[in-house]
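Text of the file model_1.tsv, holding TSV, C-alpha atoms:
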```tsv
chain	number	residue	atom	x	y	z
E	1	MET	CA	21.92	19.15	0.44
E	2	ARG	CA	19.23	20.69	2.59
E	3	PHE	CA	20.97	24.06	2.76
E	4	THR	CA	22.55	24.06	-0.68
E	5	GLY	CA	19.24	22.93	-2.23
E	6	PRO	CA	18.45	26.39	-3.69
E	7	LEU	CA	21.89	26.43	-5.31
E	8	ILE	CA	21.44	22.98	-6.84
E	9	LEU	CA	17.94	23.85	-8.01
E	10	ALA	CA	19.27	27.03	-9.64
E	11	TYR	CA	21.93	25.09	-11.56
E	12	PHE	CA	19.33	22.55	-12.65
E	13	ARG	CA	17.01	25.34	-13.85
E	14	ARG	CA	19.80	27.11	-15.72
E	15	ALA	CA	20.88	23.87	-17.38
E	16	ALA	CA	17.28	23.15	-18.40
E	17	LEU	CA	17.08	26.60	-20.04
E	18	VAL	CA	20.35	26.00	-21.88
E	19	TRP	CA	19.07	22.65	-23.17
E	20	LEU	CA	15.78	24.22	-24.28
E	21	GLY	CA	17.75	26.99	-25.99
E	22	LEU	CA	19.92	24.48	-27.84
E	23	ARG	CA	16.86	22.53	-28.94
E	24	ALA	CA	15.16	25.75	-30.09
E	25	LEU	CA	18.25	26.59	-32.18
E	26	LEU	CA	18.09	23.15	-33.81
E	27	LEU	CA	14.43	23.68	-34.63
E	28	LEU	CA	15.21	27.11	-36.12
E	29	ALA	CA	17.86	25.39	-38.25
E	30	ARG	CA	15.05	23.08	-39.46
E	31	ILE	CA	16.59	20.01	-37.82
E	32	PRO	CA	13.77	17.65	-36.78
E	33	PRO	CA	13.40	16.73	-33.06
E	34	ALA	CA	14.20	13.08	-33.79
E	35	VAL	CA	17.99	13.01	-33.88
E	36	SER	CA	20.48	10.15	-33.65
E	37	VAL	CA	21.80	8.94	-30.29
E	38	GLY	CA	25.18	10.49	-31.10
E	39	THR	CA	23.64	13.90	-31.80
E	40	ALA	CA	21.55	13.68	-28.62
E	41	ALA	CA	24.72	12.90	-26.63
E	42	LEU	CA	26.47	15.84	-28.30
E	43	ILE	CA	23.59	18.14	-27.29
E	44	ALA	CA	23.92	16.92	-23.66
E	45	VAL	CA	27.70	17.51	-23.71
E	46	MET	CA	27.22	20.99	-25.18
E	47	ALA	CA	24.61	21.86	-22.56
E	48	THR	CA	27.02	20.73	-19.81
E	49	ALA	CA	29.92	22.69	-21.30
E	50	LEU	CA	27.77	25.81	-21.53
E	51	GLY	CA	26.86	25.27	-17.87
E	52	ALA	CA	30.57	25.30	-16.99
E	53	VAL	CA	31.08	28.48	-19.01
E	54	ASP	CA	28.13	30.07	-17.21
E	55	ILE	CA	29.64	29.24	-13.79
E	56	ALA	CA	32.93	30.84	-14.84
E	57	ARG	CA	31.12	33.86	-16.31
E	58	ARG	CA	29.23	34.43	-13.07
E	59	HIS	CA	32.39	33.95	-10.94
E	60	GLU	CA	30.65	31.28	-8.86
E	61	ARG	CA	33.58	28.88	-8.50
E	62	ALA	CA	34.71	30.48	-5.24
E	63	LEU	CA	31.23	30.23	-3.73
E	64	LEU	CA	30.94	26.58	-4.72
E	65	GLY	CA	34.48	25.79	-3.53
E	66	ASN	CA	33.94	27.46	-0.15
E	67	LEU	CA	30.72	25.50	0.27
E	68	GLY	CA	32.75	22.34	-0.32
E	69	ILE	CA	30.93	21.52	-3.56
E	70	PRO	CA	33.25	20.15	-6.28
E	71	LEU	CA	32.81	21.59	-9.76
E	72	GLY	CA	32.32	18.06	-11.09
E	73	ALA	CA	29.20	17.64	-8.97
E	74	VAL	CA	27.72	20.86	-10.35
E	75	LEU	CA	28.54	19.79	-13.90
E	76	ALA	CA	26.78	16.48	-13.28
E	77	ILE	CA	23.72	18.45	-12.14
E	78	SER	CA	24.06	20.63	-15.26
E	79	ALA	CA	24.05	17.53	-17.46
E	80	LEU	CA	20.88	16.12	-15.93
E	81	PRO	CA	18.21	18.27	-17.68
E	82	ALA	CA	19.76	17.61	-21.09
E	83	VAL	CA	19.98	13.87	-20.45
E	84	ILE	CA	16.44	13.71	-19.06
E	85	GLY	CA	15.19	15.91	-21.91
E	86	GLU	CA	16.84	13.89	-24.66
E	87	VAL	CA	15.66	10.57	-23.21
E	88	GLY	CA	12.15	11.94	-22.70
E	89	LEU	CA	12.00	13.41	-26.20
E	90	ARG	CA	13.13	10.10	-27.72
E	91	MET	CA	10.49	8.20	-25.71
E	92	ILE	CA	7.74	10.60	-26.86
E	93	ILE	CA	8.86	10.36	-30.52
E	94	ASP	CA	9.09	6.55	-30.34
E	95	ALA	CA	5.63	6.31	-28.72
E	96	SER	CA	4.06	8.55	-31.37
E	97	ARG	CA	5.32	6.35	-34.24
P	1	MET	CA	53.27	28.19	17.44
P	2	SER	CA	51.37	25.39	15.70
P	3	VAL	CA	50.93	25.88	11.98
P	4	LEU	CA	47.46	24.88	10.77
P	5	LEU	CA	48.02	25.43	7.07
P	6	ALA	CA	51.26	25.78	5.16
P	7	ALA	CA	52.05	26.10	1.47
P	8	ASP	CA	55.58	24.82	1.68
P	9	CYS	CA	58.34	25.79	-0.74
P	10	VAL	CA	55.95	26.12	-3.66
P	11	SER	CA	56.82	27.21	-7.19
P	12	LYS	CA	54.57	28.31	-10.01
P	13	SER	CA	55.04	29.50	-13.58
P	14	PHE	CA	52.49	31.03	-15.92
P	15	THR	CA	53.17	30.69	-19.66
P	16	GLY	CA	56.87	30.39	-19.13
P	17	ARG	CA	57.13	33.23	-16.60
P	18	ARG	CA	58.18	32.01	-13.18
P	19	VAL	CA	56.20	33.86	-10.52
P	20	LEU	CA	57.23	31.83	-7.49
P	21	THR	CA	60.41	29.83	-7.10
P	22	ALA	CA	60.24	28.84	-3.44
P	23	GLY	CA	57.46	30.62	-1.58
P	24	THR	CA	56.17	29.56	1.80
P	25	LEU	CA	52.99	30.69	3.49
P	26	ARG	CA	51.95	29.70	6.99
P	27	ALA	CA	48.65	30.19	8.77
P	28	VAL	CA	48.70	30.00	12.54
P	29	PRO	CA	45.58	29.89	14.75
P	30	GLY	CA	44.98	33.15	16.57
P	31	GLU	CA	47.29	35.15	14.30
P	32	ILE	CA	46.65	37.62	11.49
P	33	ARG	CA	49.46	37.06	9.04
P	34	VAL	CA	49.94	39.66	6.36
P	35	VAL	CA	51.71	38.93	3.08
P	36	LEU	CA	53.24	42.03	1.52
P	37	GLY	CA	55.16	42.48	-1.69
P	38	ARG	CA	55.26	44.42	-4.94
P	39	ASN	CA	52.83	43.77	-7.79
P	40	GLY	CA	53.44	40.54	-9.63
P	41	VAL	CA	55.76	38.93	-7.08
P	42	GLY	CA	53.32	36.10	-6.38
P	43	LYS	CA	51.35	37.05	-3.25
P	44	SER	CA	48.01	36.14	-4.76
P	45	THR	CA	49.49	33.06	-6.43
P	46	LEU	CA	50.82	31.89	-3.08
P	47	ILE	CA	47.49	32.38	-1.32
P	48	LYS	CA	45.64	30.66	-4.20
P	49	ILE	CA	47.96	27.67	-3.98
P	50	ALA	CA	47.45	27.48	-0.21
P	51	ALA	CA	43.67	27.53	-0.76
P	52	GLY	CA	43.77	24.83	-3.43
P	53	TRP	CA	42.47	27.30	-6.00
P	54	ILE	CA	45.44	26.65	-8.30
P	55	GLN	CA	48.00	23.85	-8.21
P	56	PRO	CA	51.73	24.46	-7.67
P	57	ASP	CA	54.40	23.23	-10.08
P	58	SER	CA	56.34	21.92	-7.07
P	59	GLY	CA	56.07	21.99	-3.30
P	60	CYS	CA	53.12	20.90	-1.23
P	61	VAL	CA	50.32	22.12	0.98
P	62	HIS	CA	50.07	20.93	4.59
P	63	TYR	CA	46.77	21.24	6.39
P	64	ASP	CA	46.03	20.04	9.88
P	65	GLY	CA	48.94	17.61	9.91
P	66	ARG	CA	48.34	16.17	6.43
P	67	ALA	CA	50.48	16.84	3.37
P	68	TYR	CA	48.87	17.28	-0.05
P	69	LEU	CA	50.79	17.36	-3.32
P	70	SER	CA	47.57	18.35	-5.05
P	71	VAL	CA	44.49	19.59	-3.25
P	72	ARG	CA	41.36	21.43	-4.34
P	73	LEU	CA	39.44	24.14	-2.53
P	74	PRO	CA	36.27	22.06	-1.97
P	75	ALA	CA	38.31	19.44	-0.08
P	76	LEU	CA	40.05	22.05	2.09
P	77	ALA	CA	36.84	24.03	2.56
P	78	ALA	CA	35.09	20.96	3.93
P	79	GLN	CA	37.83	20.81	6.58
P	80	GLY	CA	37.63	24.46	7.61
P	81	VAL	CA	39.50	26.58	5.06
P	82	PHE	CA	37.78	29.65	3.65
P	83	TYR	CA	39.20	31.42	0.59
P	84	LEU	CA	38.14	35.03	0.12
P	85	PRO	CA	39.07	35.94	-3.47
P	86	ASP	CA	39.98	39.47	-4.52
P	87	HIS	CA	36.56	39.86	-6.14
P	88	ASP	CA	33.12	38.27	-6.27
P	89	LEU	CA	32.77	35.63	-3.61
P	90	LEU	CA	29.00	35.87	-3.52
P	91	SER	CA	26.83	35.07	-6.52
P	92	SER	CA	24.50	37.67	-7.97
P	93	ALA	CA	21.93	34.95	-8.60
P	94	PHE	CA	20.88	34.83	-4.92
P	95	THR	CA	20.23	37.30	-2.14
P	96	VAL	CA	22.89	37.83	0.51
P	97	ARG	CA	20.59	36.16	3.05
P	98	ALA	CA	20.20	33.03	0.90
P	99	GLN	CA	23.96	32.68	0.58
P	100	LEU	CA	24.64	33.34	4.27
P	101	THR	CA	22.02	30.68	5.07
P	102	MET	CA	23.85	28.20	2.82
P	103	PHE	CA	27.09	28.70	4.75
P	104	ALA	CA	25.46	28.77	8.18
P	105	GLY	CA	23.35	25.70	7.48
P	106	ARG	CA	26.07	23.64	5.89
P	107	PHE	CA	28.79	24.44	8.41
P	108	ARG	CA	26.83	25.42	11.53
P	109	GLY	CA	28.39	28.87	11.83
P	110	ASP	CA	26.81	32.09	13.08
P	111	ASP	CA	23.16	32.80	12.43
P	112	PRO	CA	22.85	34.84	9.17
P	113	ALA	CA	20.97	37.66	10.92
P	114	ASP	CA	23.64	37.86	13.66
P	115	ALA	CA	26.46	37.81	11.10
P	116	ALA	CA	24.71	40.55	9.11
P	117	ASP	CA	24.32	42.63	12.28
P	118	ARG	CA	27.96	42.10	13.14
P	119	MET	CA	29.08	43.37	9.72
P	120	ASP	CA	26.46	46.15	9.66
P	121	ILE	CA	24.64	44.85	6.58
P	122	ALA	CA	21.33	43.93	8.26
P	123	ALA	CA	19.45	46.41	6.07
P	124	LEU	CA	21.04	44.97	2.92
P	125	ILE	CA	20.64	41.28	3.63
P	126	ASP	CA	17.70	40.77	1.26
P	127	ARG	CA	19.45	42.42	-1.66
P	128	ARG	CA	21.54	40.71	-4.29
P	129	PRO	CA	25.32	41.30	-4.13
P	130	HIS	CA	25.55	43.09	-7.49
P	131	THR	CA	23.30	45.86	-6.15
P	132	LEU	CA	25.72	46.60	-3.27
P	133	SER	CA	28.72	48.93	-3.27
P	134	GLY	CA	32.23	47.49	-3.14
P	135	GLY	CA	32.54	48.08	0.60
P	136	GLU	CA	29.09	46.64	1.31
P	137	ARG	CA	29.92	43.56	-0.75
P	138	ARG	CA	33.13	43.08	1.19
P	139	ARG	CA	31.21	43.31	4.47
P	140	ALA	CA	28.64	40.85	3.15
P	141	GLU	CA	31.47	38.46	2.28
P	142	LEU	CA	32.86	38.79	5.79
P	143	ALA	CA	29.38	38.01	7.10
P	144	ALA	CA	29.58	34.81	5.03
P	145	VAL	CA	32.90	34.06	6.74
P	146	PHE	CA	31.21	34.38	10.14
P	147	CYS	CA	28.41	32.09	8.94
P	148	ARG	CA	31.10	29.59	7.98
P	149	ARG	CA	33.28	30.12	11.09
P	150	PRO	CA	36.37	28.73	9.36
P	151	ARG	CA	39.48	27.42	11.07
P	152	CYS	CA	41.60	29.20	8.48
P	153	LEU	CA	40.77	32.29	6.42
P	154	LEU	CA	42.83	33.18	3.35
P	155	ALA	CA	41.88	36.66	2.13
P	156	ASP	CA	43.31	37.97	-1.12
P	157	GLU	CA	43.48	41.78	-1.20
P	158	PRO	CA	40.31	42.32	0.86
P	159	TYR	CA	41.02	46.03	1.40
P	160	ARG	CA	41.30	46.90	-2.28
P	161	GLY	CA	39.07	49.75	-3.38
P	162	ILE	CA	37.07	50.18	-0.19
P	163	ALA	CA	36.53	53.21	2.03
P	164	PRO	CA	38.46	53.63	5.33
P	165	ARG	CA	35.32	52.96	7.37
P	166	ASP	CA	34.73	49.64	5.60
P	167	ALA	CA	38.42	48.84	5.97
P	168	ALA	CA	38.14	49.38	9.73
P	169	ALA	CA	35.14	47.02	9.84
P	170	LEU	CA	37.15	44.40	7.98
P	171	THR	CA	40.10	44.74	10.34
P	172	GLU	CA	37.78	44.36	13.32
P	173	ALA	CA	36.26	41.24	11.74
P	174	PHE	CA	39.71	39.73	11.16
P	175	ARG	CA	40.61	40.46	14.79
P	176	GLN	CA	37.42	38.83	16.05
P	177	LEU	CA	38.07	35.76	13.92
P	178	ALA	CA	41.67	35.50	15.12
P	179	ALA	CA	40.54	35.97	18.73
P	180	GLY	CA	38.23	33.02	18.17
P	181	GLY	CA	41.17	30.84	17.14
P	182	CYS	CA	40.96	31.26	13.38
P	183	ALA	CA	44.22	31.40	11.41
P	184	VAL	CA	43.95	34.51	9.23
P	185	VAL	CA	46.17	35.33	6.25
P	186	VAL	CA	45.67	38.57	4.33
P	187	THR	CA	47.42	40.08	1.31
P	188	GLY	CA	47.29	43.58	-0.07
P	189	HIS	CA	49.08	46.87	-0.62
P	190	GLU	CA	47.33	49.02	1.98
P	191	VAL	CA	50.43	49.11	4.17
P	192	PRO	CA	49.24	51.20	7.15
P	193	THR	CA	45.96	49.26	7.40
P	194	LEU	CA	47.61	45.88	6.98
P	195	LEU	CA	50.45	46.57	9.41
P	196	ASP	CA	47.89	47.84	11.91
P	197	ALA	CA	45.91	44.59	11.62
P	198	ALA	CA	48.86	42.21	11.45
P	199	THR	CA	50.44	40.14	14.16
P	200	HIS	CA	53.02	38.79	11.72
P	201	VAL	CA	54.44	40.01	8.41
P	202	THR	CA	55.65	37.89	5.52
P	203	TRP	CA	57.50	39.60	2.70
P	204	CYS	CA	57.10	38.12	-0.76
P	205	THR	CA	59.86	39.15	-3.15
P	206	ALA	CA	61.92	37.75	-6.01
P	207	GLY	CA	59.93	34.53	-6.10
P	208	THR	CA	60.41	33.68	-2.46
P	209	THR	CA	59.19	34.72	0.99
P	210	TYR	CA	60.78	36.04	4.18
P	211	GLU	CA	59.20	35.82	7.60
P	212	LEU	CA	59.83	39.28	9.01
P	213	GLY	CA	57.95	38.72	12.25
P	214	ALA	CA	55.92	41.30	14.15
P	215	PRO	CA	54.91	44.52	12.33
P	216	GLU	CA	57.29	46.59	14.50
P	217	VAL	CA	60.18	44.41	13.37
P	218	ALA	CA	59.05	44.57	9.73
P	219	ARG	CA	58.86	48.37	9.87
P	220	ARG	CA	62.49	48.49	10.98
P	221	HIS	CA	63.73	45.94	8.47
P	222	GLU	CA	66.15	47.78	6.22
P	223	GLU	CA	65.80	45.57	3.11
P	224	PHE	CA	62.00	45.53	3.44
P	225	ARG	CA	61.89	49.30	3.76
P	226	ARG	CA	64.14	49.80	0.78
P	227	GLY	CA	62.69	47.03	-1.39
P	228	TYR	CA	58.99	47.43	-0.67
P	229	LEU	CA	57.87	50.26	1.60
P	230	GLY	CA	59.88	53.03	-0.03
P	231	PRO	CA	60.56	56.41	1.58
P	232	ARG	CA	56.97	57.72	1.50
P	233	ALA	CA	55.41	54.60	2.98
P	234	VAL	CA	58.08	54.48	5.66
P	235	SER	CA	57.06	57.94	6.82
P	236	MET	CA	53.38	56.79	6.83
P	237	THR	CA	54.11	53.73	8.93
P	238	GLY	CA	56.35	55.56	11.35
P	239	SER	CA	59.84	56.76	10.68
P	240	ILE	CA	62.49	54.69	12.39
P	241	SER	CA	66.09	55.50	11.69
P	242	SER	CA	67.91	52.42	12.94
P	243	THR	CA	67.48	48.83	11.80
P	244	ASP	CA	66.55	46.23	14.36
P	245	ALA	CA	69.47	43.87	14.53
P	246	SER	CA	67.49	40.76	15.45
P	247	GLY	CA	64.83	41.37	12.84
P	248	THR	CA	67.38	41.85	10.11
P	249	LYS	CA	69.35	38.82	11.17
P	250	ASN	CA	66.29	36.57	11.13
P	251	ALA	CA	64.96	37.74	7.83
P	252	ASP	CA	67.69	39.01	5.58
P	253	PRO	CA	66.68	38.34	1.95
P	254	SER	CA	70.31	38.27	0.89
P	255	ARG	CA	70.87	35.15	2.98
```
Represent the structure of the file as structure tokens.
Amino acid sequence: MRFTGPLILAYFRRAALVWLGLRALLLLARIPPAVSVGTAALIAVMATALGAVDIARRHERALLGNLGIPLGAVLAISALPAVIGEVGLRMIIDASR
Amino acid sequence: MSVLLAADCVSKSFTGRRVLTAGTLRAVPGEIRVVLGRNGVGKSTLIKIAAGWIQPDSGCVHYDGRAYLSVRLPALAAQGVFYLPDHDLLSSAFTVRAQLTMFAGRFRGDDPADAADRMDIAALIDRRPHTLSGGERRRAELAAVFCRRPRCLLADEPYRGIAPRDAAALTEAFRQLAAGGCAVVVTGHEVPTLLDAATHVTWCTAGTTYELGAPEVARRHEEFRRGYLGPRAVSMTGSISSTDASGTKNADPSR
């Protein structure tokens, strides 16, 4: 973890950008921030899937594999920003009501 | 001869096309094993199966005394296997130094600066891989191998598209790794370079593999010469008129 920290941080940052991008698209489509739990889960799944596509696009599977990091672990990291973001957004919306 | 890693009698099909029917690949500590064969015969597939990069339809992978019907690269990598793909090992998102540090720190291999010196990329270590030439990238990847210090290196076409000087640096790196006890397996089509580096030749043809033995024996192997090297390559690797009886007997594809 100590030495692969920059890698993990990079995946977290990328996933956060993907989630923000997805949310921005929803706003552009005039969908309000308060969405159902199902839609929020779908956004998290989409953000994770896009993270997997990004890893394949950047040909980073070999680097991760040789470092002994399973793809599943990276996808879990990629899911985190979306999950945290959706939960946080829901808490903010609920508190403002 | 103690085999560290073996992909044993593996088969693989892609969309109905059978690439391998019964291929075997062995990696032996201290040896540089070269897998040769025509395009599409399954050399890369075999090395990918051995590395846990793709899964075989049948057969199994043995590593360090354990048999695996299904194994993934991260699991093998944690035990000392390093897979060098035919392109893009290093990510363009980080500098070469950052990535060498990841390998060195995680696996306690060579110091990144020493590895960079060894592969003559010290001046390039703070650049990102996509800004390097093909040969420089290959040398940077070999520096990553030294930072990992693997027990087994599986390199898929490492000599492809690089200049002779870079190829010589790669060969020297493979020799140093083998001298340190690493089991090295390399594929490719650069016959003179590969036969020069090899201590053992495996011929991949018609979905299976033949252990030809030492490069001198392989060069004299009649079927190998006819089926793979061809007349021009034979003259490049040294023209030998007679076939070595023992080599042919041990590795006759018709048997």
Item to complete: Select residues of chain P: the criterion is any atom within 8 Å of an atom of chain E, counting all atoms listed in the file; output as a list in words.
Response: Leu73, Pro74, Ala75, Leu76, Ala77, Ala78, Val81, Phe82, Tyr83, Leu84, Pro85, Asp88, Leu89, Leu90, Ser91, Ser92, Thr101, Met102, Phe103, Gly105 and Arg106 of chain P
Discussion item. Given only C-alpha atoms as the basis, pick out the residue of P:Ser2, P:Thr171, P:Thr202, P:Ser58 nearest to Tyr228 (chain P).
Written reply: P:Thr202
Discussion item. Ranking E:Leu17, E:Ile93, E:Ala24, E:Ile8 by minimum distance to Leu75 (chain E) and counting all atoms listed in the file, which one comes first?
Written reply: E:Ile8
Fill in: Computed interatomic separation between CA of Arg72 (chain P) and CA of Gly16 (chain P) (Å)
23.2 Å
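From CA of Val191 (chain P) back to CA of Arg219 (chain P), the distance works out to 10.2 Å.
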Item to complete: Compare P:Pro231, P:Gly134, P:Gly188, P:Gly42 by their minimum atom-to-atom distance to Thr24 (chain P), counting all atoms listed in the file, and give me the closest one.
Response: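 Looking only at the distances to Thr24 (chain P), the closest residue turns out to be P:Gly42.
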Worksheet entry | Counting all atoms listed in the file, the option among E:Leu50, E:Leu89, E:Val18, E:Ile84 closest to Ala34 (chain E) |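 Distance minimum relative to Ala34 (chain E) lands on E:Leu89.
Residue nearest Asp54 (chain E) within the list E:Met91, E:Ala73, E:Ala15, E:Ile31: E:Ala15 [criterion: smallest interatomic distance, only C-alpha atoms].
In this comparison, which uses all atoms listed in the file, the residue of E:Leu28, E:Ala47, E:Arg13, E:Ala56 approaching Ala82 (chain E) most closely is E:Ala47.
As for CA of Leu25 (chain P) and CA of His200 (chain P), they are spaced 11.5 Å apart.
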Practice prompt. Using only C-alpha atoms, collect all residues at a distance of at most 12 Å from (34.9, 43.5, 14.5) as written in the file, then present them as a PyMOL selection string.
Written response: chain P and resi 115-120+139+142-143+146+165-180+197
For the residues selected in the previous step, produce a file with C-alpha atoms as a PDB file, in the coordinates of the input.
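And here's result-v2.pdb as it stands now:
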```
ATOM      1  CA  ALA P 115      26.460  37.810  11.100  1.00  0.00           C
ATOM      2  CA  ALA P 116      24.710  40.550   9.110  1.00  0.00           C
ATOM      3  CA  ASP P 117      24.320  42.630  12.280  1.00  0.00           C
ATOM      4  CA  ARG P 118      27.960  42.100  13.140  1.00  0.00           C
ATOM      5  CA  MET P 119      29.080  43.370   9.720  1.00  0.00           C
ATOM      6  CA  ASP P 120      26.460  46.150   9.660  1.00  0.00           C
ATOM      7  CA  ARG P 139      31.210  43.310   4.470  1.00  0.00           C
ATOM      8  CA  LEU P 142      32.860  38.790   5.790  1.00  0.00           C
ATOM      9  CA  ALA P 143      29.380  38.010   7.100  1.00  0.00           C
ATOM     10  CA  PHE P 146      31.210  34.380  10.140  1.00  0.00           C
ATOM     11  CA  ARG P 165      35.320  52.960   7.370  1.00  0.00           C
ATOM     12  CA  ASP P 166      34.730  49.640   5.600  1.00  0.00           C
ATOM     13  CA  ALA P 167      38.420  48.840   5.970  1.00  0.00           C
ATOM     14  CA  ALA P 168      38.140  49.380   9.730  1.00  0.00           C
ATOM     15  CA  ALA P 169      35.140  47.020   9.840  1.00  0.00           C
ATOM     16  CA  LEU P 170      37.150  44.400   7.980  1.00  0.00           C
ATOM     17  CA  THR P 171      40.100  44.740  10.340  1.00  0.00           C
ATOM     18  CA  GLU P 172      37.780  44.360  13.320  1.00  0.00           C
ATOM     19  CA  ALA P 173      36.260  41.240  11.740  1.00  0.00           C
ATOM     20  CA  PHE P 174      39.710  39.730  11.160  1.00  0.00           C
ATOM     21  CA  ARG P 175      40.610  40.460  14.790  1.00  0.00           C
ATOM     22  CA  GLN P 176      37.420  38.830  16.050  1.00  0.00           C
ATOM     23  CA  LEU P 177      38.070  35.760  13.920  1.00  0.00           C
ATOM     24  CA  ALA P 178      41.670  35.500  15.120  1.00  0.00           C
ATOM     25  CA  ALA P 179      40.540  35.970  18.730  1.00  0.00           C
ATOM     26  CA  GLY P 180      38.230  33.020  18.170  1.00  0.00           C
ATOM     27  CA  ALA P 197      45.910  44.590  11.620  1.00  0.00           C
TER      28      ALA P 197
END
```
Worksheet item: Using all atoms listed in the file, which residues sit within 12 Å of Ser133 (chain P) once same-chain residues fewer than 3 positions away are excluded, as a list of chain:residue names?
Response: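 Residues near the query, excluding close chain neighbours: P:Asp88, P:Ile121, P:Leu124, P:Arg127, P:Arg128, P:Pro129, P:His130, P:Glu136, P:Arg137, P:Arg138, P:Arg139, P:Ala140, P:Gly161, P:Ile162, P:Ala163, P:Asp166.
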Padding of 6 Å on every side, edges along x, y and z, all listed atoms of region 71-87 of chain E included: what centre and edge lengths in Å, to one decimal, does that box have, as JSON?
```
{"center_x": 24.0, "center_y": 16.1, "center_z": -16.8, "size_x": 29.6, "size_y": 23.0, "size_z": 27.7}
```
Could I see region 34-47 of chain E restored to N, CA and C atoms, set down as an mmCIF file, in the coordinates of the input?
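As written to disk, result02.cif reads:
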```cif
data_model
loop_
_atom_site.group_PDB
_atom_site.id
_atom_site.type_symbol
_atom_site.label_atom_id
_atom_site.label_comp_id
_atom_site.auth_asym_id
_atom_site.auth_seq_id
_atom_site.Cartn_x
_atom_site.Cartn_y
_atom_site.Cartn_z
ATOM 1 N N ALA E 34 13.662 14.442 -33.874
ATOM 2 C CA ALA E 34 14.200 13.080 -33.790
ATOM 3 C C ALA E 34 15.615 13.059 -34.344
ATOM 4 N N VAL E 35 16.587 13.028 -33.444
ATOM 5 C CA VAL E 35 17.990 13.010 -33.880
ATOM 6 C C VAL E 35 18.621 11.676 -33.459
ATOM 7 N N SER E 36 19.796 11.400 -34.000
ATOM 8 C CA SER E 36 20.480 10.150 -33.650
ATOM 9 C C SER E 36 20.956 10.197 -32.195
ATOM 10 N N VAL E 37 21.307 9.016 -31.676
ATOM 11 C CA VAL E 37 21.800 8.940 -30.290
ATOM 12 C C VAL E 37 23.066 9.776 -30.135
ATOM 13 N N GLY E 38 23.928 9.725 -31.141
ATOM 14 C CA GLY E 38 25.180 10.490 -31.100
ATOM 15 C C GLY E 38 24.914 11.985 -31.016
ATOM 16 N N THR E 39 23.958 12.465 -31.816
ATOM 17 C CA THR E 39 23.640 13.900 -31.800
ATOM 18 C C THR E 39 23.021 14.295 -30.445
ATOM 19 N N ALA E 40 22.171 13.402 -29.933
ATOM 20 C CA ALA E 40 21.550 13.680 -28.620
ATOM 21 C C ALA E 40 22.629 13.768 -27.534
ATOM 22 N N ALA E 41 23.626 12.873 -27.610
ATOM 23 C CA ALA E 41 24.720 12.900 -26.630
ATOM 24 C C ALA E 41 25.517 14.189 -26.777
ATOM 25 N N LEU E 42 25.723 14.606 -28.041
ATOM 26 C CA LEU E 42 26.470 15.840 -28.300
ATOM 27 C C LEU E 42 25.726 17.051 -27.724
ATOM 28 N N ILE E 43 24.415 17.041 -27.850
ATOM 29 C CA ILE E 43 23.590 18.140 -27.290
ATOM 30 C C ILE E 43 23.767 18.174 -25.760
ATOM 31 N N ALA E 44 23.758 16.990 -25.132
ATOM 32 C CA ALA E 44 23.920 16.920 -23.660
ATOM 33 C C ALA E 44 25.297 17.441 -23.243
ATOM 34 N N VAL E 45 26.331 17.058 -24.019
ATOM 35 C CA VAL E 45 27.700 17.510 -23.710
ATOM 36 C C VAL E 45 27.792 19.033 -23.878
ATOM 37 N N MET E 46 27.180 19.538 -24.938
ATOM 38 C CA MET E 46 27.220 20.990 -25.180
ATOM 39 C C MET E 46 26.504 21.750 -24.067
ATOM 40 N N ALA E 47 25.372 21.214 -23.633
ATOM 41 C CA ALA E 47 24.610 21.860 -22.560
ATOM 42 C C ALA E 47 25.444 21.902 -21.271
#
```
